[in-house]
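Structure first, commentary second.
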Amino acid sequence: ITSTGAGRVLIKNGIVNTSGAVRIDAVGSIEQTTATASISAASVTLISRAGSIGTGTAVLGSDTTGPGAVPGEGAQALLVDGVFSTDKDGKRTYTAPVVLTASAAGSVYIQNIGLPALQIDTVTATGGDVTLVSAPGIVVANGKAGSISGGVITLVAKSGDIGSGDVTGASILTIKGGQTQRDRVDILAGGSVSVRQTTGNLRLNSLTAGGDVVVQVSAGSLLNVNNVVVRDERKA
């Protein structure tokens, strides 16, 4: 789908391609008009040259379901999914996870609703923030760059890994967080976390993992930008 006008591309009932890729190249924003609409394919490429992908952003916090990504007022993630078949009992069998490539002049807010982990090629928010939510994990797609760039970067995988491996491997997730005072990185994973900041400082606000944590800053410093201090009364 290519849209050359300045208006938005609005997804109402979803897009499904069980045998290939979905590519949306738009001047304006790419959004969905219903909470359940999704894009289902083995490869999803989304380009918004003068707008955003998804509506608004989310921040790491807690709601009635516990810790996670809490959408801002009126915010709605763009939903993606892999390729699957459904049996008579409604059970899904996946034949391919979704490999995501996304680029926006504004912000990117995407949620993977599939059972396999979200596979990352490149995700870039040139003038905004990146929020990626995928309960089963956020990992580097096989043979792809595995790079996420934005001002504020929020990554949430409640029951899976975010990146994998050590600093010598190709499966560590590359992030390029912003460098201004407002910029920060928030990470929540039920499993392990393996990330690398390749340029500038890693302005870390929070990182919570249920497993091991690997953090590499290639050409800068690891900064704690969390200004909320809680005294540990167990210490003198």
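Within each chain, counting starts at residue 1; across the structure tokens, chains are named A, B, ... in the order shown, with ligands numbered 1 upward in that order.
Counting only C-alpha atoms, A:Ala58 has the following residues at most 7 Å away, ignoring those fewer than 5 positions along the same chain: Ala69, Val70, Pro71, Gly72 and Thr131 of chain A.
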Same residues, C-alpha atoms, saved as a tab-separated table (two decimals), in the first residue's frame:
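Saved file part-v3.tsv follows:
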chain	number	residue	atom	x	y	z
A	69	ALA	CA	3.22	-0.26	29.15
A	70	VAL	CA	0.48	2.18	30.13
A	71	PRO	CA	-0.92	4.08	27.13
A	72	GLY	CA	-1.34	7.81	27.30
A	131	THR	CA	7.24	1.99	22.35
Which stretch 126-169 of chain A residues have any atom within 12 Å of an atom of stretch 203-213 of chain A, and for each, what is the nearest pair of atoms with distance in Å to one decimal, counting only C-alpha atoms, rows sorted by chain and number, as CSV?
residue,atom,partner,partner_atom,distance
A:Gly137,CA,A:Ala209,CA,11.8
A:Gly150,CA,A:Arg203,CA,12.0
A:Gly151,CA,A:Arg203,CA,10.1
A:Val152,CA,A:Arg203,CA,9.3
A:Ile153,CA,A:Leu204,CA,9.6
A:Thr154,CA,A:Ser206,CA,9.6
A:Leu155,CA,A:Leu207,CA,9.6
A:Val156,CA,A:Thr208,CA,9.7
A:Ala157,CA,A:Ala209,CA,9.4
A:Lys158,CA,A:Ala209,CA,9.0
A:Ser159,CA,A:Gly210,CA,8.6
A:Gly160,CA,A:Gly210,CA,8.8
A:Asp161,CA,A:Gly211,CA,8.4
A:Ile162,CA,A:Ala209,CA,9.1
A:Gly163,CA,A:Val213,CA,9.8
A:Ser164,CA,A:Val213,CA,9.2
A:Gly165,CA,A:Val213,CA,9.6
A:Asp166,CA,A:Val213,CA,9.2
A:Val167,CA,A:Val213,CA,11.1
Restrict the selected residues to N, CA, C and O atoms and save them as a compact mmCIF listing (two decimals), in the first residue's frame.
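What follows is the written file selection-v6.txt:
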# COMPACT_ATOMS: atom_id res chain seq x y z
N GLY A 137 8.30 -11.68 23.83
CA GLY A 137 9.68 -11.28 23.64
C GLY A 137 9.88 -10.32 22.49
O GLY A 137 9.01 -10.17 21.61
N GLY A 150 15.25 5.97 18.81
CA GLY A 150 14.22 6.93 19.16
C GLY A 150 14.66 7.80 20.32
O GLY A 150 15.73 7.59 20.90
N GLY A 151 13.83 8.76 20.68
CA GLY A 151 14.13 9.62 21.81
C GLY A 151 13.95 8.87 23.11
O GLY A 151 14.92 8.43 23.74
N VAL A 152 12.71 8.70 23.52
CA VAL A 152 12.36 7.82 24.64
C VAL A 152 12.08 6.44 24.07
O VAL A 152 11.25 6.29 23.18
N ILE A 153 12.77 5.42 24.57
CA ILE A 153 12.56 4.05 24.11
C ILE A 153 11.99 3.23 25.25
O ILE A 153 12.58 3.15 26.33
N THR A 154 10.82 2.62 25.01
CA THR A 154 10.17 1.77 26.01
C THR A 154 9.95 0.40 25.41
O THR A 154 9.28 0.26 24.38
N LEU A 155 10.54 -0.62 26.03
CA LEU A 155 10.45 -2.00 25.54
C LEU A 155 9.84 -2.87 26.64
O LEU A 155 10.36 -2.91 27.76
N VAL A 156 8.76 -3.57 26.31
CA VAL A 156 8.05 -4.39 27.31
C VAL A 156 7.79 -5.77 26.75
O VAL A 156 7.15 -5.93 25.71
N ALA A 157 8.30 -6.79 27.44
CA ALA A 157 8.05 -8.20 27.10
C ALA A 157 7.80 -8.94 28.42
O ALA A 157 8.73 -9.45 29.03
N LYS A 158 6.55 -8.98 28.85
CA LYS A 158 6.22 -9.44 30.19
C LYS A 158 6.63 -10.88 30.46
O LYS A 158 6.92 -11.25 31.61
N SER A 159 6.64 -11.72 29.43
CA SER A 159 6.93 -13.14 29.68
C SER A 159 8.07 -13.67 28.82
O SER A 159 8.25 -14.88 28.72
N GLY A 160 8.85 -12.78 28.20
CA GLY A 160 9.91 -13.23 27.30
C GLY A 160 11.17 -12.43 27.44
O GLY A 160 11.34 -11.61 28.35
N ASP A 161 12.10 -12.67 26.50
CA ASP A 161 13.39 -11.99 26.48
C ASP A 161 13.34 -10.73 25.62
O ASP A 161 12.54 -10.62 24.69
N ILE A 162 14.24 -9.82 25.93
CA ILE A 162 14.49 -8.66 25.08
C ILE A 162 15.94 -8.74 24.65
O ILE A 162 16.86 -8.56 25.45
N GLY A 163 16.16 -9.09 23.37
CA GLY A 163 17.50 -9.42 22.91
C GLY A 163 17.93 -10.75 23.50
O GLY A 163 17.21 -11.37 24.29
N SER A 164 19.12 -11.20 23.12
CA SER A 164 19.64 -12.45 23.67
C SER A 164 21.14 -12.52 23.45
O SER A 164 21.70 -11.80 22.61
N GLY A 165 21.80 -13.38 24.21
CA GLY A 165 23.22 -13.60 24.03
C GLY A 165 24.08 -12.55 24.72
O GLY A 165 23.60 -11.69 25.45
N ASP A 166 25.40 -12.64 24.48
CA ASP A 166 26.34 -11.71 25.09
C ASP A 166 26.81 -10.68 24.06
O ASP A 166 26.30 -10.63 22.94
N VAL A 167 27.80 -9.88 24.45
CA VAL A 167 28.22 -8.76 23.60
C VAL A 167 28.95 -9.22 22.34
O VAL A 167 29.15 -8.42 21.42
May I have the residues within 8 Å of stretch 217-225 of chain A as a list in words, using only C-alpha atoms and disregarding those fewer than 2 positions away in the same chain?
Arg184, Arg196, Gln197, Thr198, Thr199, Gly200, Asn201, Leu202, Arg203, Leu204, Asn205, Val215 and Asn227 of chain A
Considering only C-alpha atoms, return as a ChimeraX atom specification whatever protein or nucleic-acid residues lie within 9 Å of A:Leu46, sequence-local ones (same chain, fewer than 4 positions apart) excluded.
/A:22-26,30,53,100-104
Excluding A:Thr55 and any residue of its chain fewer than 2 positions from it, enumerate the residues within 8 Å of it, using only C-alpha atoms, and give them as a PDB file with C-alpha atoms, in the first residue's frame.
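Writing the result to result_4.pdb gives the following:
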ATOM      1  CA  GLU A  31      -3.148   4.176  12.602  1.00  0.00           C
ATOM      2  CA  SER A  52       3.671   8.575  13.332  1.00  0.00           C
ATOM      3  CA  ILE A  53       2.956   4.854  13.481  1.00  0.00           C
ATOM      4  CA  THR A  57       2.757   6.487  23.048  1.00  0.00           C
ATOM      5  CA  GLY A  74      -6.227   8.419  23.535  1.00  0.00           C
ATOM      6  CA  ALA A  75      -3.195   6.303  22.644  1.00  0.00           C
ATOM      7  CA  GLN A  76      -3.559   3.075  20.651  1.00  0.00           C
ATOM      8  CA  ALA A  77      -0.728   0.817  19.572  1.00  0.00           C
ATOM      9  CA  LEU A  78      -0.715  -0.462  16.017  1.00  0.00           C
ATOM     10  CA  TYR A 109       3.906   2.636  19.046  1.00  0.00           C
TER      11      TYR A 109
END
For A:Gly51, which residue among A:Gly128, A:Ala96, A:Thr64, A:Ala135 is the nearest when counting only C-alpha atoms?
A:Gly128
Give the answer as one residue: which of A:Ala170, A:Ala145, A:Val139, A:Ile39 has the shortest atom-to-atom distance to A:Val193, using only C-alpha atoms?
A:Val139
